[in-house]
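**Q** See my_file_12.pdb below, with PDB, C-alpha atoms.
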MODEL        1
ATOM      1  CA  MET P   1      97.941 154.105  97.651
ATOM      2  CA  ARG P   2      98.857 151.084  95.518
ATOM      3  CA  LYS P   3      96.403 148.242  95.963
ATOM      4  CA  LYS P   4      97.611 144.942  97.278
ATOM      5  CA  SER P   5      98.599 142.302  94.746
ATOM      6  CA  ARG P   6      97.148 138.814  95.046
ATOM      7  CA  LEU P   7      99.445 135.828  94.487
ATOM      8  CA  GLY P   8      98.245 132.246  94.267
ATOM      9  CA  ILE P   9     100.658 129.479  95.235
ATOM     10  CA  MET P  10      99.803 126.109  93.699
ATOM     11  CA  GLY P  11     101.668 123.609  95.827
ATOM     12  CA  GLY P  12     102.040 119.948  94.967
ATOM     13  CA  THR P  13     104.286 117.043  94.138
ATOM     14  CA  PHE P  14     103.166 117.209  90.476
ATOM     15  CA  ASP P  15     104.138 113.595  89.932
ATOM     16  CA  PRO P  16     103.049 114.183  87.196
ATOM     17  CA  ILE P  17     101.198 117.462  86.731
ATOM     18  CA  HIS P  18      97.840 117.006  84.953
ATOM     19  CA  PHE P  19      94.758 118.889  83.776
ATOM     20  CA  GLY P  20      93.204 118.740  87.247
ATOM     21  CA  HIS P  21      96.054 120.889  88.590
ATOM     22  CA  LEU P  22      95.858 123.316  85.673
ATOM     23  CA  VAL P  23      92.077 123.726  85.794
ATOM     24  CA  THR P  24      92.247 124.267  89.560
ATOM     25  CA  ALA P  25      94.865 126.989  89.163
ATOM     26  CA  GLU P  26      92.868 128.721  86.425
ATOM     27  CA  GLU P  27      89.642 128.548  88.430
ATOM     28  CA  ALA P  28      91.357 130.027  91.487
ATOM     29  CA  LEU P  29      92.942 132.731  89.343
ATOM     30  CA  VAL P  30      89.552 133.869  88.050
ATOM     31  CA  GLN P  31      87.388 133.377  91.135
ATOM     32  CA  PHE P  32      89.796 135.133  93.504
ATOM     33  CA  ASN P  33      91.024 137.764  91.047
ATOM     34  CA  LEU P  34      94.636 136.665  91.467
ATOM     35  CA  ASP P  35      97.394 138.485  89.619
ATOM     36  CA  LYS P  36      99.168 135.217  88.894
ATOM     37  CA  VAL P  37      99.573 131.661  90.112
ATOM     38  CA  LEU P  38     103.004 130.434  91.148
ATOM     39  CA  PHE P  39     103.372 126.668  90.793
ATOM     40  CA  MET P  40     105.564 125.277  93.564
ATOM     41  CA  PRO P  41     106.759 121.682  92.978
ATOM     42  CA  THR P  42     107.884 120.079  96.221
ATOM     43  CA  GLY P  43     111.502 119.101  96.641
ATOM     44  CA  GLN P  44     111.446 116.219  99.132
ATOM     45  CA  PRO P  45     107.789 115.968 100.228
ATOM     46  CA  ALA P  46     107.686 115.364 103.974
ATOM     47  CA  ARG P  47     104.295 113.642 103.800
ATOM     48  CA  LYS P  48     105.178 111.188 101.011
ATOM     49  CA  THR P  49     108.241 109.453 102.405
ATOM     50  CA  ASN P  50     106.365 106.126 102.208
ATOM     51  CA  ARG P  51     106.640 105.900  98.416
ATOM     52  CA  SER P  52     109.150 106.715  95.736
ATOM     53  CA  VAL P  53     108.699 110.029  93.946
ATOM     54  CA  ALA P  54     110.095 110.973  90.546
ATOM     55  CA  PRO P  55     113.281 113.088  90.765
ATOM     56  CA  SER P  56     112.519 116.709  91.586
ATOM     57  CA  GLU P  57     114.124 118.038  88.407
ATOM     58  CA  HIS P  58     111.795 115.913  86.261
ATOM     59  CA  ARG P  59     108.740 117.075  88.204
ATOM     60  CA  TYR P  60     109.880 120.694  87.932
ATOM     61  CA  LEU P  61     110.467 120.488  84.168
ATOM     62  CA  MET P  62     107.124 118.757  83.570
ATOM     63  CA  THR P  63     105.457 121.634  85.428
ATOM     64  CA  VAL P  64     107.368 124.147  83.302
ATOM     65  CA  VAL P  65     106.283 122.598  79.987
ATOM     66  CA  ALA P  66     102.694 122.187  81.208
ATOM     67  CA  THR P  67     102.319 125.858  82.156
ATOM     68  CA  ALA P  68     104.466 127.498  79.449
ATOM     69  CA  SER P  69     101.541 128.649  77.306
ATOM     70  CA  ASN P  70      99.746 130.508  80.108
ATOM     71  CA  PRO P  71     101.196 133.986  80.867
ATOM     72  CA  ASP P  72      99.389 134.011  84.239
ATOM     73  CA  PHE P  73     101.276 130.922  85.427
ATOM     74  CA  GLU P  74     104.873 130.782  86.678
ATOM     75  CA  VAL P  75     106.929 127.953  88.175
ATOM     76  CA  SER P  76     109.254 128.338  91.152
ATOM     77  CA  ARG P  77     112.355 126.338  92.054
ATOM     78  CA  MET P  78     112.160 127.448  95.691
ATOM     79  CA  GLU P  79     111.263 124.063  97.160
ATOM     80  CA  ILE P  80     113.226 122.100  94.568
ATOM     81  CA  ASP P  81     116.447 123.908  95.493
ATOM     82  CA  ARG P  82     115.898 123.968  99.265
ATOM     83  CA  PRO P  83     117.815 121.123 100.969
ATOM     84  CA  GLY P  84     116.076 118.699 103.297
ATOM     85  CA  LEU P  85     112.419 117.789 103.613
ATOM     86  CA  THR P  86     109.894 120.240 102.166
ATOM     87  CA  TYR P  87     107.506 121.920 104.580
ATOM     88  CA  THR P  88     104.845 124.335 103.348
ATOM     89  CA  ILE P  89     105.265 126.641 106.322
ATOM     90  CA  ASP P  90     108.920 127.280 105.386
ATOM     91  CA  THR P  91     107.847 128.195 101.852
ATOM     92  CA  MET P  92     105.130 130.567 102.990
ATOM     93  CA  ARG P  93     107.502 132.307 105.408
ATOM     94  CA  GLU P  94     110.045 132.750 102.629
ATOM     95  CA  LEU P  95     107.411 134.076 100.228
ATOM     96  CA  ARG P  96     106.091 136.462 102.866
ATOM     97  CA  ASP P  97     109.612 137.827 103.377
ATOM     98  CA  GLN P  98     110.114 138.068  99.616
ATOM     99  CA  PHE P  99     106.855 139.822  98.705
ATOM    100  CA  GLY P 100     106.172 141.774 101.891
ATOM    101  CA  PRO P 101     102.863 142.967 103.339
ATOM    102  CA  ARG P 102     101.619 144.483 100.060
ATOM    103  CA  THR P 103     100.934 141.017  98.621
ATOM    104  CA  ASP P 104      98.148 138.713  99.781
ATOM    105  CA  LEU P 105      99.159 135.056  99.516
ATOM    106  CA  TYR P 106      96.662 132.311  98.663
ATOM    107  CA  PHE P 107      97.812 128.710  99.009
ATOM    108  CA  ILE P 108      95.881 126.478  96.594
ATOM    109  CA  THR P 109      95.515 122.786  97.361
ATOM    110  CA  GLY P 110      92.980 119.954  97.564
ATOM    111  CA  ALA P 111      90.242 119.792 100.189
ATOM    112  CA  ASP P 112      91.655 116.546 101.600
ATOM    113  CA  ALA P 113      94.993 118.246 102.239
ATOM    114  CA  VAL P 114      93.322 121.278 103.804
ATOM    115  CA  TRP P 115      91.615 119.094 106.372
ATOM    116  CA  GLU P 116      95.056 117.854 107.393
ATOM    117  CA  ILE P 117      96.455 121.369 107.911
ATOM    118  CA  VAL P 118      96.227 121.042 111.671
ATOM    119  CA  SER P 119      98.821 118.256 111.534
ATOM    120  CA  TRP P 120     101.243 120.226 109.328
ATOM    121  CA  LYS P 121     104.446 121.614 110.761
ATOM    122  CA  ASP P 122     103.807 124.850 112.734
ATOM    123  CA  ALA P 123     100.195 124.894 111.539
ATOM    124  CA  GLN P 124      99.260 127.764 113.849
ATOM    125  CA  ASP P 125     101.784 130.017 112.091
ATOM    126  CA  PHE P 126      99.833 129.990 108.807
ATOM    127  CA  GLN P 127      97.501 132.528 110.370
ATOM    128  CA  GLY P 128      98.632 135.898 109.083
ATOM    129  CA  LEU P 129     100.852 134.359 106.392
ATOM    130  CA  CYS P 130      98.250 133.242 103.871
ATOM    131  CA  LYS P 131      94.708 132.177 103.116
ATOM    132  CA  PHE P 132      93.808 128.761 101.738
ATOM    133  CA  ILE P 133      91.859 127.882  98.605
ATOM    134  CA  ALA P 134      90.671 124.278  98.734
ATOM    135  CA  ALA P 135      89.652 122.572  95.494
ATOM    136  CA  THR P 136      86.898 119.964  95.620
ATOM    137  CA  ARG P 137      85.080 117.719  93.191
ATOM    138  CA  PRO P 138      81.399 118.518  92.489
ATOM    139  CA  GLY P 139      79.289 116.772  95.113
ATOM    140  CA  TYR P 140      82.225 116.468  97.513
ATOM    141  CA  ASP P 141      81.012 116.414 101.134
ATOM    142  CA  LEU P 142      82.482 119.401 102.942
ATOM    143  CA  HIS P 143      80.706 118.656 106.201
ATOM    144  CA  GLU P 144      83.449 117.313 108.438
ATOM    145  CA  PRO P 145      82.607 119.094 111.706
ATOM    146  CA  LEU P 146      85.726 117.984 113.572
ATOM    147  CA  ALA P 147      88.062 119.017 110.746
ATOM    148  CA  VAL P 148      86.321 122.383 110.340
ATOM    149  CA  GLU P 149      86.424 122.986 114.083
ATOM    150  CA  GLN P 150      90.138 122.182 114.240
ATOM    151  CA  ILE P 151      90.925 124.466 111.296
ATOM    152  CA  GLU P 152      88.943 127.318 112.806
ATOM    153  CA  SER P 153      90.651 126.783 116.166
ATOM    154  CA  LYS P 154      93.953 127.618 114.437
ATOM    155  CA  GLY P 155      92.473 130.865 113.094
ATOM    156  CA  LEU P 156      92.934 129.710 109.494
ATOM    157  CA  HIS P 157      90.855 131.015 106.588
ATOM    158  CA  VAL P 158      89.732 128.493 103.945
ATOM    159  CA  ASP P 159      87.620 129.092 100.824
ATOM    160  CA  TYR P 160      86.384 126.251  98.608
ATOM    161  CA  ILE P 161      86.059 125.959  94.830
ATOM    162  CA  GLU P 162      84.569 123.122  92.768
ATOM    163  CA  VAL P 163      86.730 121.701  89.992
ATOM    164  CA  PRO P 164      85.249 118.914  87.811
ATOM    165  CA  ALA P 165      88.682 117.913  86.465
ATOM    166  CA  LEU P 166      89.781 116.800  89.937
ATOM    167  CA  ALA P 167      88.503 113.335  89.064
ATOM    168  CA  ILE P 168      91.931 113.050  87.374
ATOM    169  CA  SER P 169      94.740 112.009  89.716
ATOM    170  CA  SER P 170      98.514 111.714  89.488
ATOM    171  CA  THR P 171      98.277 108.262  91.076
ATOM    172  CA  GLY P 172      95.893 107.091  88.361
ATOM    173  CA  ILE P 173      98.143 108.474  85.638
ATOM    174  CA  ARG P 174     101.213 106.707  87.063
ATOM    175  CA  GLN P 175      99.259 103.447  87.174
ATOM    176  CA  ARG P 176      98.122 103.879  83.575
ATOM    177  CA  VAL P 177     101.672 104.560  82.383
ATOM    178  CA  LEU P 178     102.918 101.492  84.265
ATOM    179  CA  GLY P 179     100.158  99.412  82.691
ATOM    180  CA  ARG P 180     100.899 100.803  79.208
ATOM    181  CA  ARG P 181      97.425 102.379  79.081
ATOM    182  CA  PRO P 182      96.695 105.700  77.325
ATOM    183  CA  VAL P 183      96.958 108.971  79.242
ATOM    184  CA  ARG P 184      95.904 111.282  76.408
ATOM    185  CA  TYR P 185      93.364 113.931  77.531
ATOM    186  CA  LEU P 186      94.386 113.479  81.166
ATOM    187  CA  LEU P 187      97.448 115.724  80.995
ATOM    188  CA  PRO P 188      99.091 118.083  78.480
ATOM    189  CA  GLU P 189     100.628 116.391  75.449
ATOM    190  CA  SER P 190     103.941 118.063  76.309
ATOM    191  CA  VAL P 191     103.947 116.302  79.692
ATOM    192  CA  ALA P 192     102.971 112.953  78.158
ATOM    193  CA  ALA P 193     105.845 113.345  75.683
ATOM    194  CA  TYR P 194     108.248 114.164  78.527
ATOM    195  CA  ILE P 195     107.179 111.049  80.454
ATOM    196  CA  GLU P 196     107.677 108.937  77.356
ATOM    197  CA  LYS P 197     111.070 110.466  76.537
ATOM    198  CA  TYR P 198     112.525 109.824  80.000
ATOM    199  CA  GLY P 199     110.713 106.566  80.698
ATOM    200  CA  LEU P 200     109.079 107.824  83.877
ATOM    201  CA  TYR P 201     106.668 105.623  85.868
ATOM    202  CA  ARG P 202     107.542 102.473  83.921
ATOM    203  CA  GLY P 203     108.565 100.555  87.012
ATOM    204  CA  GLU P 204     111.334 100.264  89.601
ATOM    205  CA  GLY P 205     114.221 102.600  89.001
ATOM    206  CA  SER P 206     112.317 104.867  86.589
TER     207      SER P 206
ENDMDL
END
Mind converting the file's structure to structure tokens?
**A**
Amino acid sequence: MRKKSRLGIMGGTFDPIHFGHLVTAEEALVQFNLDKVLFMPTGQPARKTNRSVAPSEHRYLMTVVATASNPDFEVSRMEIDRPGLTYTIDTMRELRDQFGPRTDLYFITGADAVWEIVSWKDAQDFQGLCKFIAATRPGYDLHEPLAVEQIESKGLHVDYIEVPALAISSTGIRQRVLGRRPVRYLLPESVAAYIEKYGLYRGEGS
């Protein structure tokens, strides 16, 4: 009997993608023996309607150039091309239909986001669809009894990995670009060049 394949799904706005995302994906790939990691840039993020987000096509293309050199990474347009607000549960249902029961799905995200799972759309339906891999910074306090209790009450499975590069943030990078401060060594040079070419994060209207 053919063994199950193991697919990681790296969800995120990627506004912009940086080394923290890439190191997290690589760490998950190795620790959980994944066959590949599918990067899934959000289309219209439902939880970030309070701020402007770079156009989805820019965020998708930055993710493509950032991951191009790694044969274990792929980028999907699924959420980019889906109309309306992006909800993770819709993506996981679609992936489950696409890959079938012979593929185990692992959704990779940050620990902060995992603790908010219970407030996500149709949170109870994640049970049976996928497992969660939550990335944390070294020394990050995982002891949030209420959050853990709520997650367990939904029957959800969460594993944690430590990723030093998570000290890097997309918010910090956007602020540095706006302030004309260097972003070298925070994100791939190809992404920095893309941001410069299209004038992203320079201010209103960018």
**Q** Residues picked by the PyMOL selection byres ((chain P and resi 17) around 10) here, as a list of chain:residue names?
**A**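 Here the PyMOL selection byres ((chain P and resi 17) around 10) matches P:Gly12, P:Thr13, P:Phe14, P:Asp15, P:Pro16, P:His18, P:Phe19, P:Gly20, P:His21, P:Leu22, P:Pro41, P:Arg59, P:Tyr60, P:Met62, P:Thr63, P:Val64, P:Val65, P:Ala66, P:Thr67, P:Ser169, P:Ser170, P:Ile173, P:Leu186, P:Leu187, P:Pro188, P:Val191, P:Ala192.
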**Q** Report, as JSON, the centre and edge lengths in Å (one decimal) of the axis-aligned box enclosing every listed atom of segment 171-179 of chain P, padded by 8 Å on each side.
**A**
{"center_x": 99.4, "center_y": 103.9, "center_z": 86.7, "size_x": 23.0, "size_y": 25.1, "size_z": 24.7}
**Q** Here's the selection I'm unsure about, the PyMOL selection byres ((chain P and resi 76) around 12); applied to the file above, which residues does it give, as JSON, numbers by chain?
**A** {"P": [9, 10, 11, 12, 37, 38, 39, 40, 41, 42, 43, 57, 59, 60, 61, 63, 64, 67, 73, 74, 75, 77, 78, 79, 80, 81, 82, 91, 95]}
**Q** Within 7 Å of segment 107-119 of chain P, counting all atoms listed in the file, which residues show up once you throw out same-chain ones fewer than 5 positions away? Write them as a PyMOL selection string, please.
**A** chain P and resi 8-11+130-136+147+150-151
**Q** Tell me, as a PyMOL selection string, which residues lie within 9 Å of Phe32 of chain P, counting all atoms listed in the file; anything in the same chain fewer than 4 positions away does not count.
**A** chain P and resi 6+8+27-28
**Q** Just to confirm, what's the straight-line distance from atom CA of Leu29 of chain P to atom CA of Glu149 of chain P in Å (one decimal)?
**A** 27.4 Å
**Q** Which residues are close to Gly203 of chain P, i.e. within 12 Å by only C-alpha atoms, leaving aside same-chain residues fewer than 2 positions away? Reply as a list in words.
**A**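 Counting only the stated atoms, we get Ser52, Val53, Ala54, Arg174, Gln175, Arg176, Val177, Leu178, Gly179, Arg180, Gly199, Leu200, Tyr201, Gly205 and Ser206 of chain P.
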**Q** Could you jot down the atom CA of Arg181 of chain P to atom CA of Tyr194 of chain P separation for me, Å, one decimal place?
**A**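 So the answer is 16.0 Å.
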**Q** Please, what distance in Å, to one decimal, runs between atom CA of Arg102 of chain P and atom CA of Lys4 of chain P?
**A**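 We find that atom CA of Arg102 of chain P and atom CA of Lys4 of chain P lie 4.9 Å from each other.
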**Q** Check the smallest atom-to-atom distance from each of P:Pro55, P:Tyr87, P:Glu152, P:Asp159 to Tyr198 of chain P using all atoms listed in the file, then report the winner.
**A**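 Smallest distance to Tyr198 of chain P is found for P:Pro55.
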**Q** Take segment 54-167 of chain P from the block and save it with C-alpha atoms, as a PDB file, in the first residue's frame.
**A**
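Writing the result to selection-v4.pdb gives the following:
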ATOM      1  CA  ALA P  54      -0.214  45.355  -1.170  1.00  0.00           C
ATOM      2  CA  PRO P  55      -2.046  44.075  -4.281  1.00  0.00           C
ATOM      3  CA  SER P  56      -2.353  40.297  -4.284  1.00  0.00           C
ATOM      4  CA  GLU P  57      -0.459  39.887  -7.553  1.00  0.00           C
ATOM      5  CA  HIS P  58       2.580  41.672  -6.096  1.00  0.00           C
ATOM      6  CA  ARG P  59       2.494  39.523  -2.960  1.00  0.00           C
ATOM      7  CA  TYR P  60       2.140  36.374  -5.063  1.00  0.00           C
ATOM      8  CA  LEU P  61       5.060  37.272  -7.348  1.00  0.00           C
ATOM      9  CA  MET P  62       7.298  38.202  -4.406  1.00  0.00           C
ATOM     10  CA  THR P  63       6.569  34.762  -2.940  1.00  0.00           C
ATOM     11  CA  VAL P  64       7.405  33.136  -6.278  1.00  0.00           C
ATOM     12  CA  VAL P  65      10.802  34.846  -6.585  1.00  0.00           C
ATOM     13  CA  ALA P  66      11.610  34.182  -2.918  1.00  0.00           C
ATOM     14  CA  THR P  67      10.994  30.432  -3.190  1.00  0.00           C
ATOM     15  CA  ALA P  68      12.204  29.786  -6.759  1.00  0.00           C
ATOM     16  CA  SER P  69      15.551  28.285  -5.748  1.00  0.00           C
ATOM     17  CA  ASN P  70      14.079  25.650  -3.419  1.00  0.00           C
ATOM     18  CA  PRO P  71      12.682  22.559  -5.227  1.00  0.00           C
ATOM     19  CA  ASP P  72      10.727  21.594  -2.083  1.00  0.00           C
ATOM     20  CA  PHE P  73       8.734  24.840  -2.161  1.00  0.00           C
ATOM     21  CA  GLU P  74       5.805  25.668  -4.456  1.00  0.00           C
ATOM     22  CA  VAL P  75       3.460  28.661  -4.594  1.00  0.00           C
ATOM     23  CA  SER P  76      -0.290  28.419  -5.141  1.00  0.00           C
ATOM     24  CA  ARG P  77      -2.664  30.960  -6.668  1.00  0.00           C
ATOM     25  CA  MET P  78      -5.678  29.311  -5.026  1.00  0.00           C
ATOM     26  CA  GLU P  79      -6.475  32.118  -2.596  1.00  0.00           C
ATOM     27  CA  ILE P  80      -5.269  34.863  -4.929  1.00  0.00           C
ATOM     28  CA  ASP P  81      -7.724  33.780  -7.631  1.00  0.00           C
ATOM     29  CA  ARG P  82     -10.670  33.030  -5.332  1.00  0.00           C
ATOM     30  CA  PRO P  83     -13.121  35.974  -5.250  1.00  0.00           C
ATOM     31  CA  GLY P  84     -14.218  37.527  -1.978  1.00  0.00           C
ATOM     32  CA  LEU P  85     -12.601  37.458   1.440  1.00  0.00           C
ATOM     33  CA  THR P  86     -10.057  34.707   2.096  1.00  0.00           C
ATOM     34  CA  TYR P  87     -10.890  32.155   4.770  1.00  0.00           C
ATOM     35  CA  THR P  88      -8.460  29.373   5.655  1.00  0.00           C
ATOM     36  CA  ILE P  89     -11.223  26.826   6.122  1.00  0.00           C
ATOM     37  CA  ASP P  90     -12.308  27.245   2.478  1.00  0.00           C
ATOM     38  CA  THR P  91      -8.727  26.629   1.348  1.00  0.00           C
ATOM     39  CA  MET P  92      -8.297  23.524   3.464  1.00  0.00           C
ATOM     40  CA  ARG P  93     -11.592  22.078   2.216  1.00  0.00           C
ATOM     41  CA  GLU P  94     -10.524  22.686  -1.372  1.00  0.00           C
ATOM     42  CA  LEU P  95      -7.108  21.127  -0.777  1.00  0.00           C
ATOM     43  CA  ARG P  96      -8.684  18.127   0.930  1.00  0.00           C
ATOM     44  CA  ASP P  97     -10.938  17.604  -2.097  1.00  0.00           C
ATOM     45  CA  GLN P  98      -7.977  18.052  -4.439  1.00  0.00           C
ATOM     46  CA  PHE P  99      -5.512  15.710  -2.715  1.00  0.00           C
ATOM     47  CA  GLY P 100      -7.887  13.202  -1.137  1.00  0.00           C
ATOM     48  CA  PRO P 101      -7.419  11.035   1.955  1.00  0.00           C
ATOM     49  CA  ARG P 102      -3.967   9.763   0.921  1.00  0.00           C
ATOM     50  CA  THR P 103      -2.384  13.130   1.761  1.00  0.00           C
ATOM     51  CA  ASP P 104      -1.940  14.486   5.281  1.00  0.00           C
ATOM     52  CA  LEU P 105      -2.237  18.277   5.365  1.00  0.00           C
ATOM     53  CA  TYR P 106      -0.218  20.424   7.776  1.00  0.00           C
ATOM     54  CA  PHE P 107      -1.111  24.104   8.031  1.00  0.00           C
ATOM     55  CA  ILE P 108       1.953  26.128   9.060  1.00  0.00           C
ATOM     56  CA  THR P 109       1.484  29.464  10.794  1.00  0.00           C
ATOM     57  CA  GLY P 110       2.617  31.529  13.784  1.00  0.00           C
ATOM     58  CA  ALA P 111       1.783  30.627  17.376  1.00  0.00           C
ATOM     59  CA  ASP P 112      -0.157  33.873  17.842  1.00  0.00           C
ATOM     60  CA  ALA P 113      -2.427  32.965  14.932  1.00  0.00           C
ATOM     61  CA  VAL P 114      -2.903  29.419  16.212  1.00  0.00           C
ATOM     62  CA  TRP P 115      -4.222  30.716  19.507  1.00  0.00           C
ATOM     63  CA  GLU P 116      -6.874  32.594  17.542  1.00  0.00           C
ATOM     64  CA  ILE P 117      -8.037  29.491  15.646  1.00  0.00           C
ATOM     65  CA  VAL P 118     -11.140  29.192  17.787  1.00  0.00           C
ATOM     66  CA  SER P 119     -12.364  32.516  16.385  1.00  0.00           C
ATOM     67  CA  TRP P 120     -11.723  31.547  12.744  1.00  0.00           C
ATOM     68  CA  LYS P 121     -14.604  30.787  10.427  1.00  0.00           C
ATOM     69  CA  ASP P 122     -15.962  27.238  11.003  1.00  0.00           C
ATOM     70  CA  ALA P 123     -13.074  26.490  13.364  1.00  0.00           C
ATOM     71  CA  GLN P 124     -14.567  23.169  14.454  1.00  0.00           C
ATOM     72  CA  ASP P 125     -14.363  21.886  10.869  1.00  0.00           C
ATOM     73  CA  PHE P 126     -10.544  21.922  10.854  1.00  0.00           C
ATOM     74  CA  GLN P 127     -10.677  18.688  12.817  1.00  0.00           C
ATOM     75  CA  GLY P 128     -10.157  15.926  10.288  1.00  0.00           C
ATOM     76  CA  LEU P 129      -9.000  18.341   7.575  1.00  0.00           C
ATOM     77  CA  CYS P 130      -5.497  19.149   8.783  1.00  0.00           C
ATOM     78  CA  LYS P 131      -3.023  19.415  11.621  1.00  0.00           C
ATOM     79  CA  PHE P 132      -1.380  22.674  12.653  1.00  0.00           C
ATOM     80  CA  ILE P 133       2.308  23.503  12.954  1.00  0.00           C
ATOM     81  CA  ALA P 134       2.809  26.647  15.023  1.00  0.00           C
ATOM     82  CA  ALA P 135       6.109  28.513  14.744  1.00  0.00           C
ATOM     83  CA  THR P 136       7.422  30.320  17.812  1.00  0.00           C
ATOM     84  CA  ARG P 137      10.440  32.387  18.744  1.00  0.00           C
ATOM     85  CA  PRO P 138      12.942  30.826  21.190  1.00  0.00           C
ATOM     86  CA  GLY P 139      11.783  31.595  24.718  1.00  0.00           C
ATOM     87  CA  TYR P 140       8.211  32.249  23.582  1.00  0.00           C
ATOM     88  CA  ASP P 141       5.737  31.468  26.385  1.00  0.00           C
ATOM     89  CA  LEU P 142       3.431  28.697  25.219  1.00  0.00           C
ATOM     90  CA  HIS P 143       1.556  28.495  28.502  1.00  0.00           C
ATOM     91  CA  GLU P 144      -1.776  30.121  27.740  1.00  0.00           C
ATOM     92  CA  PRO P 145      -4.139  27.726  29.540  1.00  0.00           C
ATOM     93  CA  LEU P 146      -7.348  29.275  28.219  1.00  0.00           C
ATOM     94  CA  ALA P 147      -6.133  29.274  24.609  1.00  0.00           C
ATOM     95  CA  VAL P 148      -4.885  25.683  24.876  1.00  0.00           C
ATOM     96  CA  GLU P 149      -8.143  24.576  26.471  1.00  0.00           C
ATOM     97  CA  GLN P 150     -10.196  26.231  23.730  1.00  0.00           C
ATOM     98  CA  ILE P 151      -8.080  24.670  20.975  1.00  0.00           C
ATOM     99  CA  GLU P 152      -8.348  21.230  22.534  1.00  0.00           C
ATOM    100  CA  SER P 153     -12.108  21.662  22.947  1.00  0.00           C
ATOM    101  CA  LYS P 154     -12.331  21.925  19.143  1.00  0.00           C
ATOM    102  CA  GLY P 155     -10.415  18.651  18.766  1.00  0.00           C
ATOM    103  CA  LEU P 156      -7.570  20.403  16.936  1.00  0.00           C
ATOM    104  CA  HIS P 157      -4.008  19.074  16.833  1.00  0.00           C
ATOM    105  CA  VAL P 158      -1.165  21.607  17.167  1.00  0.00           C
ATOM    106  CA  ASP P 159       2.597  20.979  17.186  1.00  0.00           C
ATOM    107  CA  TYR P 160       5.132  23.728  17.916  1.00  0.00           C
ATOM    108  CA  ILE P 161       8.535  24.487  16.397  1.00  0.00           C
ATOM    109  CA  GLU P 162      11.069  27.146  17.411  1.00  0.00           C
ATOM    110  CA  VAL P 163      12.330  29.447  14.670  1.00  0.00           C
ATOM    111  CA  PRO P 164      14.961  32.079  15.602  1.00  0.00           C
ATOM    112  CA  ALA P 165      14.341  34.076  12.405  1.00  0.00           C
ATOM    113  CA  LEU P 166      10.798  34.897  13.538  1.00  0.00           C
ATOM    114  CA  ALA P 167      12.204  38.035  15.145  1.00  0.00           C
TER     115      ALA P 167
END
